[in-house]
Amino acid sequence: MNSEIKAKAIKFGNNIDTDVILPGKYLILVDPYELGKHALESLDADFVNKAKDGVILIGGKNFGCGSSREQAPLALKYSGVKCVIAESFARIFFRNSINIGLPVIECKGISDAVESGDEIDVNFEAGKIENKSNGKKFQVEKLPPFILEIFGDGGLIENLLRRMNKK
Amino acid sequence: MNITEKILAKASGKQAVCPGEIVDANVDVIMVHDLTGPLTVEAFNKIGTQKVWDNKKVVIILDHQVPAESVKAAELHKTMRQFAKEQKIQIYDVGKGGICHQVMPEKGHVIPGSVIVGADSHTCTYGAFGAFATGIGSTEAAAVFATGRIWFKVPPTIKINVEGKFQKLIAPKDLILNIIDKVKVDGAIYKSIEFTGSTIRKMSVAGRMTLCNMAVEMGAKNGIITPDETTREFLEGRVKSIPDFKKLQSGNDAEYERTVEVDVSELEPQVACPASVDNVKPVSEIGDVPIDQAFIGSCTNGRLEDLREAAKILKGKHVKDNVRALIIPASQEVYLKAMQEGLLEIFTDAGAIVCGSACGPCLGGHIGLLAAGETCISTSNRNFIGRMGSTQANVYLASPATVAASAVTGKITSPLLLEVKE
Ligand code: SF4
């Protein structure tokens, strides 16, 4: 995974739950691109068009709360979301995102510093976030090395395969 | 150490652990269901390990989209049946089990002190038996299938100490809604919640499960209750051997991030209003809210005790004409007992429909979805936008007694206002 991510922001509020990210009725879909077509549709029917060329999602507190459905981060990833930055995450969503290779960054103060449409630069490994549109910068706590490794490998399965081959 | 820390220390082969530490723990049991299992199987096949690490420790339960409501769901179920057969894994198919979180303890898969992960967020329910249990995603479940291990960051713990005696018709559901109102939906993210106090010690297993079930609605990693005689009574005849509970008590040196004190003596029926589980009000402050549907069921409140509470209210009464009342016993065992006790007859007489044990409308999969503009009062655990069908429907959460009372009057109603024949 490239640790530099640049894209326009789309901002949402607090407690964006997994039912809103991907409603239960779509859980029978297996193709991730099909899931991607329904990402966040109940909050913004046009989200998929806005996201398709690559976006960075900005969330408030408790992003991804609710169900353990991995289809929620999968739907975001395959709709074009390159990275999610939020004030805080629900833990299962956070783990799921790491495991499927969708970068997630916890950053206090991000929702006040970004508006939808701003150009955001992220250096994932260095823990640096910059809002190019207003010059605001953040340094976040770096993730433990083994989690960065999972991201580097593109997800948990890829990471596991690499580690098992090494043995 | 507190009970959660003790379990995590043992599972990771350590003398002691402290909050913030990352541990690599052995998993005792893993559960996946029909909506998270297929992705797990797909990821497991990518790993290429031929066999799961221990087929006796894996449980598959079909409960979400059952009986299959579409060809797609039928295909997913087929995938799970085939996988179970190949790997010789215990599977609870349609008619043999019910909702995963009810079936797991009923069928003896939950043992105090064990580490249980499930590809479902309400896996935290098993904390009611003094197990460390938490939800994970499908890919992570596949990694556990292959290795039997998982990493955890040891969580700080919030103690919720509950004292006092419930008034008549007030239930553990009212208590947990009241607690969520205090702690808020993000108040326990990454944390553990330990329920203590005399009210918890006197509470039935069913009530304890309702509390731990909703720990995740505050963001918690797990909810947990110290196992005791009540736990033992439930487990006897269900599990092969019951461990010594002495090692599963929080020590005198146990540390807590904070303690929340709750007194239930004056607690009124509580309702979580749309569209957040912490938007809680006493039912007396709700005002006039007409309903279209009343749902009693789910892994939060579909147990025998819940159905008895609902039956107390519905006995000899009628579900209001323009209201649909759906009742779904949480498992086949609950269904059978409810039938033997005559509860299903009471419901049917009252004009409610009793459906087969499954998740039902709880997650908007099928059976009883809502149209735009409709309102449902439900005993389940989430009232998010679109959770039970249309994104323009409203979901209120309450206890079985409150939902039953509302079904009778056609609007959100305190069970205390209805005449109840005991
Ligand atoms: S009853 Fe509802 S909350 Fe419980 S497992 Fe089923 S869908 Fe999830």
# chains A, B, ... in the order shown; residues from 1 in each chain; ligands from 1

call {"tool": "select_by_dssp", "arguments": {"residues": "chain A", "states": "helix (DSSP H, G or I)", "output": "PyMOL selection string"}}
result
chain A and resi 18-21+24-26+32-36+47-51+71-79+91-100+110-113+145-153+156-166

call {"tool": "residues_around", "arguments": {"residues": "Ala73 of chain B", "least_positions_apart": "5", "cutoff": "8 Å", "atoms": "only C-alpha atoms", "output": "PyMOL selection string"}}
result
(chain A and resi 28) or (chain B and resi 65+68)

call {"tool": "closest_residue", "arguments": {"among": "A:Ala90, A:Leu57, A:Leu27, A:Ile21", "to": "ligand 1", "atoms": "only C-alpha atoms and all ligand atoms"}}
result
A:Leu27

call {"tool": "interface_residues", "arguments": {"of": "chain B", "to": "chain A", "cutoff": "7 Å", "atoms": "only C-alpha atoms", "output": "list in words"}}
result
Leu35, Thr36, Ala43, Ile47, Lys72, Ala73, Ala119, Asp120, Ser121, Gly135, Ile136, Gly137, Ser138, Thr139, Glu140, Asp186, Ile189, Tyr190, Glu217, Gly219, Leu363, Gly364, Gly365, Phe384, Ile385, Gly386, Arg387 and Thr391 of chain B

call {"tool": "atom_distance", "arguments": {"atom1": "atom CA of Ser380 of chain B", "atom2": "atom CA of Pro274 of chain B"}}
result
13.0 Å

call {"tool": "residues_around", "arguments": {"residues": "Val103 of chain B", "least_positions_apart": "3", "cutoff": "10 Å", "atoms": "only C-alpha atoms", "output": "list in words"}}
result
Ile61, Asp63, Tyr92, Lys96, Gly97, Gly98, Ile99, Cys100, Glu106, Lys107, Gly108, His109, Val110, Cys299, Ala330, Ser331, Gln332, Glu333 and Val334 of chain B

call {"tool": "closest_residue", "arguments": {"among": "B:Ser378, B:Ser276, B:Ser414, B:Ser357", "to": "Val94 of chain B", "atoms": "only C-alpha atoms"}}
result
B:Ser357

call {"tool": "closest_residue", "arguments": {"among": "B:Asp244, B:Glu163, B:Asp34, B:Asp24", "to": "ligand 1", "atoms": "only C-alpha atoms and all ligand atoms"}}
result
B:Asp34

call {"tool": "decode", "arguments": {"residues": "segment 180-209 of chain B", "atoms": "C-alpha atoms", "output": "PDB file, in the first residue's frame"}}
result
ATOM      1  CA  ILE B 180     -26.950   3.768  27.803  1.00  0.00           C
ATOM      2  CA  ASP B 181     -28.621   7.140  28.333  1.00  0.00           C
ATOM      3  CA  LYS B 182     -26.007   7.854  31.021  1.00  0.00           C
ATOM      4  CA  VAL B 183     -22.914   6.416  29.318  1.00  0.00           C
ATOM      5  CA  LYS B 184     -23.911   7.370  25.717  1.00  0.00           C
ATOM      6  CA  VAL B 185     -23.301   5.443  22.508  1.00  0.00           C
ATOM      7  CA  ASP B 186     -19.611   6.279  22.353  1.00  0.00           C
ATOM      8  CA  GLY B 187     -18.988   6.290  26.111  1.00  0.00           C
ATOM      9  CA  ALA B 188     -17.304   2.904  26.266  1.00  0.00           C
ATOM     10  CA  ILE B 189     -15.487   2.583  22.924  1.00  0.00           C
ATOM     11  CA  TYR B 190     -12.561   0.114  23.215  1.00  0.00           C
ATOM     12  CA  LYS B 191     -13.541  -0.466  26.860  1.00  0.00           C
ATOM     13  CA  SER B 192     -14.892  -3.268  28.974  1.00  0.00           C
ATOM     14  CA  ILE B 193     -18.067  -2.900  31.041  1.00  0.00           C
ATOM     15  CA  GLU B 194     -18.409  -4.921  34.235  1.00  0.00           C
ATOM     16  CA  PHE B 195     -21.901  -5.047  35.760  1.00  0.00           C
ATOM     17  CA  THR B 196     -21.890  -5.474  39.534  1.00  0.00           C
ATOM     18  CA  GLY B 197     -24.148  -4.920  42.552  1.00  0.00           C
ATOM     19  CA  SER B 198     -26.988  -6.592  44.402  1.00  0.00           C
ATOM     20  CA  THR B 199     -29.512  -6.082  41.571  1.00  0.00           C
ATOM     21  CA  ILE B 200     -27.267  -7.970  39.162  1.00  0.00           C
ATOM     22  CA  ARG B 201     -26.661 -10.770  41.661  1.00  0.00           C
ATOM     23  CA  LYS B 202     -30.428 -11.254  41.995  1.00  0.00           C
ATOM     24  CA  MET B 203     -31.053 -11.011  38.263  1.00  0.00           C
ATOM     25  CA  SER B 204     -31.952 -14.012  36.083  1.00  0.00           C
ATOM     26  CA  VAL B 205     -29.637 -15.245  33.346  1.00  0.00           C
ATOM     27  CA  ALA B 206     -32.093 -13.825  30.799  1.00  0.00           C
ATOM     28  CA  GLY B 207     -31.822 -10.325  32.312  1.00  0.00           C
ATOM     29  CA  ARG B 208     -28.037 -10.522  32.507  1.00  0.00           C
ATOM     30  CA  MET B 209     -27.939 -11.470  28.835  1.00  0.00           C
TER      31      MET B 209
END
